[in-house]
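Asks: If it helps, the file is called target12.cif and holds mmCIF, N, CA and C atoms:
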data_query
loop_
_atom_site.label_atom_id
_atom_site.label_comp_id
_atom_site.auth_asym_id
_atom_site.auth_seq_id
_atom_site.Cartn_x
_atom_site.Cartn_y
_atom_site.Cartn_z
N MET A 1 23.30 64.57 74.71
CA MET A 1 24.25 64.53 73.61
C MET A 1 25.11 63.29 73.77
N THR A 2 25.31 62.57 72.69
CA THR A 2 26.14 61.37 72.75
C THR A 2 27.60 61.75 72.97
N GLN A 3 28.37 60.79 73.41
CA GLN A 3 29.79 61.03 73.63
C GLN A 3 30.48 61.44 72.32
N GLU A 4 30.09 60.81 71.23
CA GLU A 4 30.69 61.13 69.93
C GLU A 4 30.38 62.57 69.52
N LYS A 5 29.15 63.00 69.75
CA LYS A 5 28.78 64.38 69.41
C LYS A 5 29.50 65.37 70.32
N THR A 6 29.62 65.03 71.59
CA THR A 6 30.35 65.91 72.51
C THR A 6 31.79 66.07 72.05
N VAL A 7 32.44 64.97 71.70
CA VAL A 7 33.82 65.04 71.22
C VAL A 7 33.90 65.88 69.95
N PHE A 8 32.95 65.69 69.04
CA PHE A 8 32.94 66.48 67.80
C PHE A 8 32.87 67.97 68.11
N TRP A 9 31.95 68.38 68.97
CA TRP A 9 31.77 69.80 69.28
C TRP A 9 32.97 70.37 70.04
N LEU A 10 33.57 69.57 70.92
CA LEU A 10 34.76 70.03 71.63
C LEU A 10 35.94 70.20 70.66
N LYS A 11 36.08 69.28 69.72
CA LYS A 11 37.15 69.41 68.73
C LYS A 11 36.91 70.60 67.81
N LEU A 12 35.66 70.85 67.45
CA LEU A 12 35.35 72.03 66.64
C LEU A 12 35.69 73.30 67.40
N ALA A 13 35.30 73.38 68.68
CA ALA A 13 35.62 74.55 69.50
C ALA A 13 37.14 74.72 69.61
N SER A 14 37.85 73.62 69.78
CA SER A 14 39.32 73.67 69.85
C SER A 14 39.92 74.18 68.55
N ALA A 15 39.38 73.73 67.42
CA ALA A 15 39.87 74.18 66.12
C ALA A 15 39.63 75.68 65.94
N ILE A 16 38.51 76.18 66.44
CA ILE A 16 38.21 77.61 66.34
C ILE A 16 39.22 78.41 67.18
N VAL A 17 39.54 77.91 68.37
CA VAL A 17 40.55 78.57 69.20
C VAL A 17 41.89 78.62 68.46
N MET A 18 42.27 77.49 67.85
CA MET A 18 43.53 77.46 67.10
C MET A 18 43.49 78.41 65.91
N ALA A 19 42.34 78.51 65.24
CA ALA A 19 42.21 79.42 64.10
C ALA A 19 42.40 80.88 64.54
N PHE A 20 41.84 81.22 65.69
CA PHE A 20 42.05 82.58 66.20
C PHE A 20 43.52 82.81 66.52
N GLY A 21 44.18 81.78 67.02
CA GLY A 21 45.62 81.88 67.26
C GLY A 21 46.39 82.12 65.98
N LEU A 22 46.00 81.42 64.93
CA LEU A 22 46.66 81.61 63.63
C LEU A 22 46.42 83.01 63.09
N LEU A 23 45.25 83.58 63.36
CA LEU A 23 44.99 84.96 62.93
C LEU A 23 45.87 85.96 63.67
N GLY A 24 46.31 85.61 64.88
CA GLY A 24 47.17 86.50 65.64
C GLY A 24 48.59 86.57 65.11
N ILE A 25 49.03 85.52 64.45
CA ILE A 25 50.42 85.48 63.98
C ILE A 25 50.73 86.60 62.98
N PRO A 26 49.84 86.91 62.02
CA PRO A 26 50.16 88.04 61.11
C PRO A 26 50.33 89.37 61.85
N GLY A 27 49.78 89.47 63.05
CA GLY A 27 49.95 90.69 63.83
C GLY A 27 51.38 90.94 64.26
N SER A 28 52.23 89.92 64.14
CA SER A 28 53.62 90.11 64.52
C SER A 28 54.42 90.81 63.40
N LEU A 29 53.81 90.90 62.24
CA LEU A 29 54.45 91.62 61.12
C LEU A 29 53.73 92.94 60.90
N ASN A 30 54.48 94.00 60.79
CA ASN A 30 53.88 95.32 60.60
C ASN A 30 53.02 95.37 59.34
N ALA A 31 53.47 94.71 58.28
CA ALA A 31 52.76 94.78 56.99
C ALA A 31 51.41 94.06 57.00
N THR A 32 51.21 93.12 57.92
CA THR A 32 49.97 92.32 57.91
C THR A 32 49.18 92.46 59.20
N ALA A 33 49.38 93.52 59.92
CA ALA A 33 48.75 93.69 61.23
C ALA A 33 47.35 94.29 61.18
N GLY A 34 46.84 94.62 60.00
CA GLY A 34 45.54 95.28 59.90
C GLY A 34 44.39 94.48 60.48
N LEU A 35 44.38 93.16 60.27
CA LEU A 35 43.32 92.32 60.80
C LEU A 35 43.29 92.38 62.33
N ASN A 36 44.45 92.37 62.94
CA ASN A 36 44.51 92.45 64.39
C ASN A 36 44.07 93.82 64.90
N GLY A 37 44.29 94.84 64.10
CA GLY A 37 43.78 96.16 64.46
C GLY A 37 42.26 96.15 64.49
N LEU A 38 41.65 95.40 63.57
CA LEU A 38 40.20 95.27 63.56
C LEU A 38 39.72 94.57 64.84
N PHE A 39 40.42 93.52 65.26
CA PHE A 39 40.06 92.84 66.52
C PHE A 39 40.15 93.81 67.70
N ALA A 40 41.19 94.62 67.71
CA ALA A 40 41.34 95.60 68.80
C ALA A 40 40.20 96.62 68.75
N ASP A 41 39.84 97.07 67.55
CA ASP A 41 38.72 98.01 67.43
C ASP A 41 37.42 97.40 67.95
N LEU A 42 37.21 96.10 67.68
CA LEU A 42 36.00 95.43 68.17
C LEU A 42 35.98 95.35 69.70
N ALA A 43 37.15 95.16 70.31
CA ALA A 43 37.23 95.06 71.77
C ALA A 43 37.03 96.42 72.44
N PHE A 44 37.55 97.47 71.83
CA PHE A 44 37.42 98.81 72.40
C PHE A 44 36.23 99.51 71.74
N TRP A 45 35.05 99.01 72.04
CA TRP A 45 33.81 99.51 71.47
C TRP A 45 33.47 100.85 72.09
N PRO A 46 32.95 101.84 71.39
CA PRO A 46 32.67 101.86 69.97
C PRO A 46 33.95 102.08 69.17
N PHE A 47 33.86 101.83 67.87
CA PHE A 47 35.02 101.95 66.99
C PHE A 47 35.65 103.33 67.12
N GLU A 48 36.94 103.33 67.27
CA GLU A 48 37.68 104.58 67.21
C GLU A 48 38.81 104.47 66.21
N SER A 49 38.89 103.33 65.57
CA SER A 49 39.88 103.05 64.53
C SER A 49 41.29 103.41 64.97
N ASN A 50 41.74 102.75 66.02
CA ASN A 50 43.11 102.93 66.50
C ASN A 50 44.05 101.91 65.87
N SER A 51 43.62 101.24 64.81
CA SER A 51 44.40 100.14 64.25
C SER A 51 45.68 100.59 63.56
N GLY A 52 45.87 101.88 63.40
CA GLY A 52 47.09 102.35 62.75
C GLY A 52 48.33 102.18 63.62
N ALA A 53 48.17 102.22 64.92
CA ALA A 53 49.30 102.08 65.83
C ALA A 53 49.66 100.60 65.97
N ASN A 54 50.90 100.27 65.63
CA ASN A 54 51.35 98.89 65.71
C ASN A 54 52.80 98.84 66.20
N PRO A 55 53.03 99.27 67.45
CA PRO A 55 54.41 99.29 67.96
C PRO A 55 54.97 97.87 68.10
N PRO A 56 56.29 97.74 68.20
CA PRO A 56 56.90 96.42 68.32
C PRO A 56 56.36 95.62 69.51
N GLU A 57 56.03 96.30 70.61
CA GLU A 57 55.51 95.59 71.79
C GLU A 57 54.17 94.92 71.47
N ALA A 58 53.32 95.62 70.71
CA ALA A 58 52.02 95.04 70.32
C ALA A 58 52.22 93.86 69.39
N ARG A 59 53.16 93.98 68.46
CA ARG A 59 53.44 92.87 67.53
C ARG A 59 53.94 91.65 68.29
N LEU A 60 54.79 91.88 69.30
CA LEU A 60 55.28 90.77 70.12
C LEU A 60 54.13 90.11 70.87
N LEU A 61 53.24 90.89 71.44
CA LEU A 61 52.10 90.33 72.18
C LEU A 61 51.16 89.56 71.27
N TRP A 62 50.96 90.02 70.01
CA TRP A 62 50.14 89.26 69.06
C TRP A 62 50.78 87.90 68.78
N ALA A 63 52.11 87.89 68.61
CA ALA A 63 52.81 86.63 68.34
C ALA A 63 52.70 85.68 69.53
N ILE A 64 52.92 86.19 70.73
CA ILE A 64 52.83 85.35 71.93
C ILE A 64 51.41 84.84 72.12
N THR A 65 50.44 85.73 72.01
CA THR A 65 49.03 85.34 72.19
C THR A 65 48.61 84.32 71.14
N GLY A 66 49.03 84.52 69.90
CA GLY A 66 48.71 83.56 68.85
C GLY A 66 49.26 82.18 69.17
N GLY A 67 50.51 82.13 69.60
CA GLY A 67 51.12 80.85 69.97
C GLY A 67 50.42 80.19 71.15
N ILE A 68 50.05 80.99 72.14
CA ILE A 68 49.34 80.43 73.30
C ILE A 68 48.00 79.87 72.88
N LEU A 69 47.25 80.59 72.05
CA LEU A 69 45.94 80.09 71.61
C LEU A 69 46.07 78.81 70.79
N ILE A 70 47.06 78.74 69.93
CA ILE A 70 47.26 77.53 69.14
C ILE A 70 47.59 76.36 70.06
N GLY A 71 48.48 76.56 71.00
CA GLY A 71 48.84 75.50 71.95
C GLY A 71 47.69 75.09 72.84
N TRP A 72 46.94 76.06 73.33
CA TRP A 72 45.80 75.78 74.20
C TRP A 72 44.73 75.02 73.44
N GLY A 73 44.46 75.46 72.21
CA GLY A 73 43.47 74.77 71.39
C GLY A 73 43.89 73.33 71.09
N MET A 74 45.17 73.12 70.81
CA MET A 74 45.66 71.76 70.55
C MET A 74 45.56 70.90 71.80
N MET A 75 45.85 71.47 72.96
CA MET A 75 45.74 70.71 74.20
C MET A 75 44.29 70.29 74.43
N MET A 76 43.34 71.20 74.21
CA MET A 76 41.93 70.84 74.40
C MET A 76 41.48 69.82 73.35
N TRP A 77 42.00 69.91 72.13
CA TRP A 77 41.71 68.92 71.10
C TRP A 77 42.16 67.53 71.56
N MET A 78 43.37 67.46 72.11
CA MET A 78 43.90 66.17 72.57
C MET A 78 43.10 65.63 73.76
N ILE A 79 42.70 66.50 74.67
CA ILE A 79 41.87 66.07 75.80
C ILE A 79 40.54 65.55 75.28
N ALA A 80 39.95 66.27 74.33
CA ALA A 80 38.65 65.86 73.78
C ALA A 80 38.75 64.53 73.03
N SER A 81 39.80 64.37 72.25
CA SER A 81 39.88 63.18 71.40
C SER A 81 40.46 61.96 72.11
N ARG A 82 41.34 62.15 73.08
CA ARG A 82 42.00 61.01 73.71
C ARG A 82 41.53 60.72 75.13
N LEU A 83 41.29 61.76 75.91
CA LEU A 83 40.91 61.53 77.31
C LEU A 83 39.40 61.45 77.49
N TYR A 84 38.66 62.34 76.85
CA TYR A 84 37.21 62.37 77.04
C TYR A 84 36.53 61.02 76.76
N PRO A 85 36.88 60.30 75.69
CA PRO A 85 36.22 59.01 75.46
C PRO A 85 36.46 57.98 76.57
N ARG A 86 37.61 58.06 77.27
CA ARG A 86 37.93 57.10 78.33
C ARG A 86 37.48 57.58 79.71
N GLU A 87 37.68 58.86 79.97
CA GLU A 87 37.38 59.43 81.29
C GLU A 87 36.68 60.78 81.12
N PRO A 88 35.40 60.75 80.78
CA PRO A 88 34.70 62.01 80.50
C PRO A 88 34.67 62.97 81.68
N GLU A 89 34.54 62.47 82.90
CA GLU A 89 34.49 63.39 84.06
C GLU A 89 35.81 64.12 84.26
N LEU A 90 36.92 63.40 84.12
CA LEU A 90 38.23 64.04 84.27
C LEU A 90 38.45 65.06 83.15
N ALA A 91 38.14 64.68 81.92
CA ALA A 91 38.30 65.60 80.78
C ALA A 91 37.43 66.84 80.98
N ARG A 92 36.19 66.63 81.40
CA ARG A 92 35.26 67.74 81.64
C ARG A 92 35.83 68.68 82.70
N THR A 93 36.34 68.13 83.78
CA THR A 93 36.90 68.94 84.86
C THR A 93 38.10 69.74 84.38
N ILE A 94 38.99 69.11 83.62
CA ILE A 94 40.18 69.80 83.13
C ILE A 94 39.79 70.96 82.21
N ILE A 95 38.92 70.68 81.24
CA ILE A 95 38.54 71.72 80.28
C ILE A 95 37.77 72.84 80.97
N LEU A 96 36.80 72.50 81.81
CA LEU A 96 36.00 73.55 82.45
C LEU A 96 36.83 74.39 83.42
N THR A 97 37.77 73.76 84.11
CA THR A 97 38.63 74.53 85.01
C THR A 97 39.50 75.49 84.21
N GLY A 98 40.11 74.98 83.14
CA GLY A 98 40.97 75.83 82.31
C GLY A 98 40.22 76.97 81.67
N ILE A 99 39.07 76.67 81.09
CA ILE A 99 38.31 77.72 80.40
C ILE A 99 37.71 78.70 81.41
N GLY A 100 37.35 78.21 82.59
CA GLY A 100 36.81 79.09 83.63
C GLY A 100 37.85 80.07 84.15
N VAL A 101 39.04 79.56 84.42
CA VAL A 101 40.13 80.43 84.90
C VAL A 101 40.49 81.45 83.82
N TRP A 102 40.60 80.98 82.57
CA TRP A 102 40.88 81.91 81.47
C TRP A 102 39.81 82.99 81.41
N PHE A 103 38.53 82.60 81.47
CA PHE A 103 37.44 83.56 81.34
C PHE A 103 37.51 84.64 82.42
N VAL A 104 37.71 84.23 83.66
CA VAL A 104 37.74 85.20 84.76
C VAL A 104 38.89 86.19 84.59
N PHE A 105 40.09 85.69 84.31
CA PHE A 105 41.24 86.59 84.23
C PHE A 105 41.26 87.40 82.93
N ASP A 106 40.92 86.79 81.81
CA ASP A 106 40.88 87.52 80.55
C ASP A 106 39.81 88.61 80.61
N SER A 107 38.64 88.26 81.12
CA SER A 107 37.54 89.23 81.19
C SER A 107 37.84 90.35 82.18
N THR A 108 38.41 90.02 83.32
CA THR A 108 38.78 91.04 84.30
C THR A 108 39.82 91.99 83.71
N GLY A 109 40.83 91.42 83.08
CA GLY A 109 41.86 92.24 82.44
C GLY A 109 41.30 93.10 81.33
N SER A 110 40.35 92.57 80.58
CA SER A 110 39.73 93.34 79.51
C SER A 110 38.99 94.56 80.05
N VAL A 111 38.24 94.35 81.13
CA VAL A 111 37.52 95.47 81.75
C VAL A 111 38.51 96.50 82.29
N LEU A 112 39.54 96.03 82.97
CA LEU A 112 40.54 96.95 83.53
C LEU A 112 41.26 97.72 82.43
N ALA A 113 41.42 97.11 81.25
CA ALA A 113 42.10 97.77 80.13
C ALA A 113 41.18 98.70 79.35
N GLY A 114 39.91 98.76 79.75
CA GLY A 114 38.97 99.64 79.07
C GLY A 114 38.30 98.99 77.86
N ALA A 115 38.32 97.66 77.80
CA ALA A 115 37.71 96.94 76.67
C ALA A 115 36.66 95.95 77.18
N PRO A 116 35.62 96.44 77.86
CA PRO A 116 34.62 95.53 78.40
C PRO A 116 33.86 94.74 77.34
N MET A 117 33.82 95.24 76.11
CA MET A 117 33.14 94.51 75.03
C MET A 117 33.79 93.14 74.81
N ASN A 118 35.06 93.01 75.13
CA ASN A 118 35.75 91.73 74.97
C ASN A 118 35.14 90.65 75.84
N VAL A 119 34.51 91.03 76.95
CA VAL A 119 33.85 90.05 77.81
C VAL A 119 32.74 89.33 77.04
N ALA A 120 32.02 90.07 76.22
CA ALA A 120 30.96 89.45 75.40
C ALA A 120 31.56 88.45 74.43
N TYR A 121 32.68 88.78 73.82
CA TYR A 121 33.34 87.84 72.90
C TYR A 121 33.86 86.63 73.67
N ASN A 122 34.37 86.86 74.88
CA ASN A 122 34.84 85.75 75.71
C ASN A 122 33.71 84.79 76.04
N LEU A 123 32.51 85.32 76.23
CA LEU A 123 31.37 84.46 76.52
C LEU A 123 31.11 83.46 75.39
N VAL A 124 31.33 83.89 74.15
CA VAL A 124 31.15 82.98 73.02
C VAL A 124 32.11 81.79 73.15
N PHE A 125 33.37 82.07 73.44
CA PHE A 125 34.35 80.98 73.61
C PHE A 125 34.00 80.11 74.82
N LEU A 126 33.58 80.73 75.89
CA LEU A 126 33.19 79.97 77.08
C LEU A 126 32.08 78.99 76.75
N PHE A 127 31.05 79.47 76.07
CA PHE A 127 29.91 78.61 75.75
C PHE A 127 30.22 77.56 74.70
N MET A 128 31.22 77.82 73.83
CA MET A 128 31.61 76.80 72.85
C MET A 128 32.07 75.52 73.53
N PHE A 129 32.63 75.65 74.72
CA PHE A 129 33.09 74.48 75.47
C PHE A 129 32.06 74.05 76.52
N PHE A 130 31.46 75.02 77.18
CA PHE A 130 30.53 74.69 78.26
C PHE A 130 29.32 73.91 77.75
N VAL A 131 28.73 74.33 76.63
CA VAL A 131 27.49 73.71 76.14
C VAL A 131 27.68 72.22 75.83
N PRO A 132 28.69 71.83 75.02
CA PRO A 132 28.82 70.38 74.77
C PRO A 132 29.18 69.60 76.03
N LEU A 133 29.96 70.19 76.92
CA LEU A 133 30.31 69.47 78.16
C LEU A 133 29.10 69.31 79.06
N TRP A 134 28.26 70.34 79.14
CA TRP A 134 27.04 70.26 79.93
C TRP A 134 26.07 69.26 79.32
N ALA A 135 25.88 69.33 78.00
CA ALA A 135 24.97 68.41 77.32
C ALA A 135 25.50 66.98 77.39
N GLY A 136 26.81 66.80 77.28
CA GLY A 136 27.40 65.48 77.41
C GLY A 136 27.25 64.90 78.80
N LYS A 137 27.36 65.76 79.81
CA LYS A 137 27.18 65.31 81.20
C LYS A 137 25.72 64.90 81.42
N ALA A 138 24.79 65.67 80.91
CA ALA A 138 23.38 65.33 81.06
C ALA A 138 23.09 63.97 80.45
N LYS A 139 23.69 63.67 79.32
CA LYS A 139 23.49 62.37 78.65
C LYS A 139 24.13 61.26 79.49
N THR A 140 25.33 61.51 80.02
CA THR A 140 26.03 60.51 80.83
C THR A 140 25.25 60.20 82.09
N VAL A 141 24.71 61.23 82.76
CA VAL A 141 23.96 61.04 84.00
C VAL A 141 22.66 60.29 83.76
N HIS A 142 21.99 60.56 82.63
CA HIS A 142 20.69 59.96 82.36
C HIS A 142 20.79 58.62 81.64
N SER A 143 21.98 58.22 81.26
CA SER A 143 22.13 56.94 80.53
C SER A 143 22.17 55.77 81.46
#
Show me the file's structure as structure tokens.
Replies:
Amino acid sequence: MTQEKTVFWLKLASAIVMAFGLLGIPGSLNATAGLNGLFADLAFWPFESNSGANPPEARLLWAITGGILIGWGMMMWMIASRLYPREPELARTIILTGIGVWFVFDSTGSVLAGAPMNVAYNLVFLFMFFVPLWAGKAKTVHS
């Protein structure tokens, strides 16, 4: 994969992370929390439709999580667009370390919380970054 394609795919993955963060923000309002209830139902497979419960603590966590995802996605966007073209190995190391640590702790916490299905969803996010970085490294090594 060319460097330009790698940057494109990393920026797309970053935009998707930010979009998920934006979806979390409505969860901070009781009137618009239904979408986040659907995400919770997907994580606690099979569906039990627990989306009716929306205590203030859950709304606060949706707001915090949404903000973190938006910030994390923007940080990866900046690494992809500004650092990766100049120092691909450093950018690759930063992104893979961050996404790897997130994956281990988020997935472990999901299993401990009784939502092991979330690990499968986490794998999608992991591969959104891993695949272009791996393909970009293969191109860099063979060039």
Asks: What's the separation between CA of Ala33 in chain A and atom N of Leu69 in chain A, in Å to one decimal place?
Replies: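 Straight-line distance from CA of Ala33 in chain A to atom N of Leu69 in chain A works out to 17.1 Å.
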Asks: Can you work out the spacing between atom C of Trp72 in chain A and atom C of Glu57 in chain A in Å, to one decimal?
Replies: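 Between atom C of Trp72 in chain A and atom C of Glu57 in chain A the gap works out to 22.1 Å.
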Asks: In Å, rounded to a single decimal, give me how far CA of Pro85 in chain A is from CA of Ala13 in chain A.
Replies: 16.7 Å
Asks: Using all atoms listed in the file, can you tell me which of A:Ala80, A:Leu112, A:Leu22, A:Met128 comes closest to Thr65 in chain A?
Replies: A:Leu22
Asks: Skip Trp9 in chain A itself and residues of its chain fewer than 5 positions away, then list as a short mmCIF file (atom, residue, chain, number, x, y, z; two decimals) with N, CA and C atoms, in the frame of the given file all residues within 12 Å of it, counting only C-alpha atoms.
Replies:
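New file part-v5.cif:
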data_model
loop_
_atom_site.label_atom_id
_atom_site.label_comp_id
_atom_site.auth_asym_id
_atom_site.auth_seq_id
_atom_site.Cartn_x
_atom_site.Cartn_y
_atom_site.Cartn_z
N MET A 1 23.30 64.57 74.71
CA MET A 1 24.25 64.53 73.61
C MET A 1 25.11 63.29 73.77
N THR A 2 25.31 62.57 72.69
CA THR A 2 26.14 61.37 72.75
C THR A 2 27.60 61.75 72.97
N GLN A 3 28.37 60.79 73.41
CA GLN A 3 29.79 61.03 73.63
C GLN A 3 30.48 61.44 72.32
N GLU A 4 30.09 60.81 71.23
CA GLU A 4 30.69 61.13 69.93
C GLU A 4 30.38 62.57 69.52
N SER A 14 37.85 73.62 69.78
CA SER A 14 39.32 73.67 69.85
C SER A 14 39.92 74.18 68.55
N ALA A 15 39.38 73.73 67.42
CA ALA A 15 39.87 74.18 66.12
C ALA A 15 39.63 75.68 65.94
N ILE A 16 38.51 76.18 66.44
CA ILE A 16 38.21 77.61 66.34
C ILE A 16 39.22 78.41 67.18
N MET A 76 43.34 71.20 74.21
CA MET A 76 41.93 70.84 74.40
C MET A 76 41.48 69.82 73.35
N TRP A 77 42.00 69.91 72.13
CA TRP A 77 41.71 68.92 71.10
C TRP A 77 42.16 67.53 71.56
N ALA A 80 39.95 66.27 74.33
CA ALA A 80 38.65 65.86 73.78
C ALA A 80 38.75 64.53 73.03
N SER A 81 39.80 64.37 72.25
CA SER A 81 39.88 63.18 71.40
C SER A 81 40.46 61.96 72.11
N PHE A 127 31.05 79.47 76.07
CA PHE A 127 29.91 78.61 75.75
C PHE A 127 30.22 77.56 74.70
N MET A 128 31.22 77.82 73.83
CA MET A 128 31.61 76.80 72.85
C MET A 128 32.07 75.52 73.53
N PHE A 129 32.63 75.65 74.72
CA PHE A 129 33.09 74.48 75.47
C PHE A 129 32.06 74.05 76.52
N PHE A 130 31.46 75.02 77.18
CA PHE A 130 30.53 74.69 78.26
C PHE A 130 29.32 73.91 77.75
N VAL A 131 28.73 74.33 76.63
CA VAL A 131 27.49 73.71 76.14
C VAL A 131 27.68 72.22 75.83
N PRO A 132 28.69 71.83 75.02
CA PRO A 132 28.82 70.38 74.77
C PRO A 132 29.18 69.60 76.03
N LEU A 133 29.96 70.19 76.92
CA LEU A 133 30.31 69.47 78.16
C LEU A 133 29.10 69.31 79.06
N TRP A 134 28.26 70.34 79.14
CA TRP A 134 27.04 70.26 79.93
C TRP A 134 26.07 69.26 79.32
N ALA A 135 25.88 69.33 78.00
CA ALA A 135 24.97 68.41 77.32
C ALA A 135 25.50 66.98 77.39
N GLY A 136 26.81 66.80 77.28
CA GLY A 136 27.40 65.48 77.41
C GLY A 136 27.25 64.90 78.80
#
Asks: Select from range 47-103 of chain A everything DSSP, run on the backbone, classes as helix (DSSP H, G or I), then give the selection as a ChimeraX atom specification.
Replies: /A:56-83,88-103
Asks: May I have the selected residues written with N, CA and C atoms, as a short mmCIF file (atom, residue, chain, number, x, y, z; two decimals), in the frame of the given file?
Replies:
data_model
loop_
_atom_site.label_atom_id
_atom_site.label_comp_id
_atom_site.auth_asym_id
_atom_site.auth_seq_id
_atom_site.Cartn_x
_atom_site.Cartn_y
_atom_site.Cartn_z
N PRO A 56 56.29 97.74 68.20
CA PRO A 56 56.90 96.42 68.32
C PRO A 56 56.36 95.62 69.51
N GLU A 57 56.03 96.30 70.61
CA GLU A 57 55.51 95.59 71.79
C GLU A 57 54.17 94.92 71.47
N ALA A 58 53.32 95.62 70.71
CA ALA A 58 52.02 95.04 70.32
C ALA A 58 52.22 93.86 69.39
N ARG A 59 53.16 93.98 68.46
CA ARG A 59 53.44 92.87 67.53
C ARG A 59 53.94 91.65 68.29
N LEU A 60 54.79 91.88 69.30
CA LEU A 60 55.28 90.77 70.12
C LEU A 60 54.13 90.11 70.87
N LEU A 61 53.24 90.89 71.44
CA LEU A 61 52.10 90.33 72.18
C LEU A 61 51.16 89.56 71.27
N TRP A 62 50.96 90.02 70.01
CA TRP A 62 50.14 89.26 69.06
C TRP A 62 50.78 87.90 68.78
N ALA A 63 52.11 87.89 68.61
CA ALA A 63 52.81 86.63 68.34
C ALA A 63 52.70 85.68 69.53
N ILE A 64 52.92 86.19 70.73
CA ILE A 64 52.83 85.35 71.93
C ILE A 64 51.41 84.84 72.12
N THR A 65 50.44 85.73 72.01
CA THR A 65 49.03 85.34 72.19
C THR A 65 48.61 84.32 71.14
N GLY A 66 49.03 84.52 69.90
CA GLY A 66 48.71 83.56 68.85
C GLY A 66 49.26 82.18 69.17
N GLY A 67 50.51 82.13 69.60
CA GLY A 67 51.12 80.85 69.97
C GLY A 67 50.42 80.19 71.15
N ILE A 68 50.05 80.99 72.14
CA ILE A 68 49.34 80.43 73.30
C ILE A 68 48.00 79.87 72.88
N LEU A 69 47.25 80.59 72.05
CA LEU A 69 45.94 80.09 71.61
C LEU A 69 46.07 78.81 70.79
N ILE A 70 47.06 78.74 69.93
CA ILE A 70 47.26 77.53 69.14
C ILE A 70 47.59 76.36 70.06
N GLY A 71 48.48 76.56 71.00
CA GLY A 71 48.84 75.50 71.95
C GLY A 71 47.69 75.09 72.84
N TRP A 72 46.94 76.06 73.33
CA TRP A 72 45.80 75.78 74.20
C TRP A 72 44.73 75.02 73.44
N GLY A 73 44.46 75.46 72.21
CA GLY A 73 43.47 74.77 71.39
C GLY A 73 43.89 73.33 71.09
N MET A 74 45.17 73.12 70.81
CA MET A 74 45.66 71.76 70.55
C MET A 74 45.56 70.90 71.80
N MET A 75 45.85 71.47 72.96
CA MET A 75 45.74 70.71 74.20
C MET A 75 44.29 70.29 74.43
N MET A 76 43.34 71.20 74.21
CA MET A 76 41.93 70.84 74.40
C MET A 76 41.48 69.82 73.35
N TRP A 77 42.00 69.91 72.13
CA TRP A 77 41.71 68.92 71.10
C TRP A 77 42.16 67.53 71.56
N MET A 78 43.37 67.46 72.11
CA MET A 78 43.90 66.17 72.57
C MET A 78 43.10 65.63 73.76
N ILE A 79 42.70 66.50 74.67
CA ILE A 79 41.87 66.07 75.80
C ILE A 79 40.54 65.55 75.28
N ALA A 80 39.95 66.27 74.33
CA ALA A 80 38.65 65.86 73.78
C ALA A 80 38.75 64.53 73.03
N SER A 81 39.80 64.37 72.25
CA SER A 81 39.88 63.18 71.40
C SER A 81 40.46 61.96 72.11
N ARG A 82 41.34 62.15 73.08
CA ARG A 82 42.00 61.01 73.71
C ARG A 82 41.53 60.72 75.13
N LEU A 83 41.29 61.76 75.91
CA LEU A 83 40.91 61.53 77.31
C LEU A 83 39.40 61.45 77.49
N PRO A 88 35.40 60.75 80.78
CA PRO A 88 34.70 62.01 80.50
C PRO A 88 34.67 62.97 81.68
N GLU A 89 34.54 62.47 82.90
CA GLU A 89 34.49 63.39 84.06
C GLU A 89 35.81 64.12 84.26
N LEU A 90 36.92 63.40 84.12
CA LEU A 90 38.23 64.04 84.27
C LEU A 90 38.45 65.06 83.15
N ALA A 91 38.14 64.68 81.92
CA ALA A 91 38.30 65.60 80.78
C ALA A 91 37.43 66.84 80.98
N ARG A 92 36.19 66.63 81.40
CA ARG A 92 35.26 67.74 81.64
C ARG A 92 35.83 68.68 82.70
N THR A 93 36.34 68.13 83.78
CA THR A 93 36.90 68.94 84.86
C THR A 93 38.10 69.74 84.38
N ILE A 94 38.99 69.11 83.62
CA ILE A 94 40.18 69.80 83.13
C ILE A 94 39.79 70.96 82.21
N ILE A 95 38.92 70.68 81.24
CA ILE A 95 38.54 71.72 80.28
C ILE A 95 37.77 72.84 80.97
N LEU A 96 36.80 72.50 81.81
CA LEU A 96 36.00 73.55 82.45
C LEU A 96 36.83 74.39 83.42
N THR A 97 37.77 73.76 84.11
CA THR A 97 38.63 74.53 85.01
C THR A 97 39.50 75.49 84.21
N GLY A 98 40.11 74.98 83.14
CA GLY A 98 40.97 75.83 82.31
C GLY A 98 40.22 76.97 81.67
N ILE A 99 39.07 76.67 81.09
CA ILE A 99 38.31 77.72 80.40
C ILE A 99 37.71 78.70 81.41
N GLY A 100 37.35 78.21 82.59
CA GLY A 100 36.81 79.09 83.63
C GLY A 100 37.85 80.07 84.15
N VAL A 101 39.04 79.56 84.42
CA VAL A 101 40.13 80.43 84.90
C VAL A 101 40.49 81.45 83.82
N TRP A 102 40.60 80.98 82.57
CA TRP A 102 40.88 81.91 81.47
C TRP A 102 39.81 82.99 81.41
N PHE A 103 38.53 82.60 81.47
CA PHE A 103 37.44 83.56 81.34
C PHE A 103 37.51 84.64 82.42
#
Asks: For a quick check of understanding, using all atoms listed in the file, which of A:Leu61, A:Ile79, A:Ala113, A:Val119 has the smallest distance to Ile95 in chain A?
Replies: A:Ile79
Asks: Within 6 Å of Gly21 in chain A, counting only C-alpha atoms, which residues show up once you throw out same-chain ones fewer than 3 positions away? Write them as a PyMOL selection string, please.
Replies: chain A and resi 18+24+66+69-70
Asks: Those residues with N, CA and C atoms, as a short mmCIF file (atom, residue, chain, number, x, y, z; two decimals), keeping the file's coordinate frame please?
Replies:
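The resulting file, result-v4.cif, is reproduced below:
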data_model
loop_
_atom_site.label_atom_id
_atom_site.label_comp_id
_atom_site.auth_asym_id
_atom_site.auth_seq_id
_atom_site.Cartn_x
_atom_site.Cartn_y
_atom_site.Cartn_z
N MET A 18 42.27 77.49 67.85
CA MET A 18 43.53 77.46 67.10
C MET A 18 43.49 78.41 65.91
N GLY A 24 46.31 85.61 64.88
CA GLY A 24 47.17 86.50 65.64
C GLY A 24 48.59 86.57 65.11
N GLY A 66 49.03 84.52 69.90
CA GLY A 66 48.71 83.56 68.85
C GLY A 66 49.26 82.18 69.17
N LEU A 69 47.25 80.59 72.05
CA LEU A 69 45.94 80.09 71.61
C LEU A 69 46.07 78.81 70.79
N ILE A 70 47.06 78.74 69.93
CA ILE A 70 47.26 77.53 69.14
C ILE A 70 47.59 76.36 70.06
#
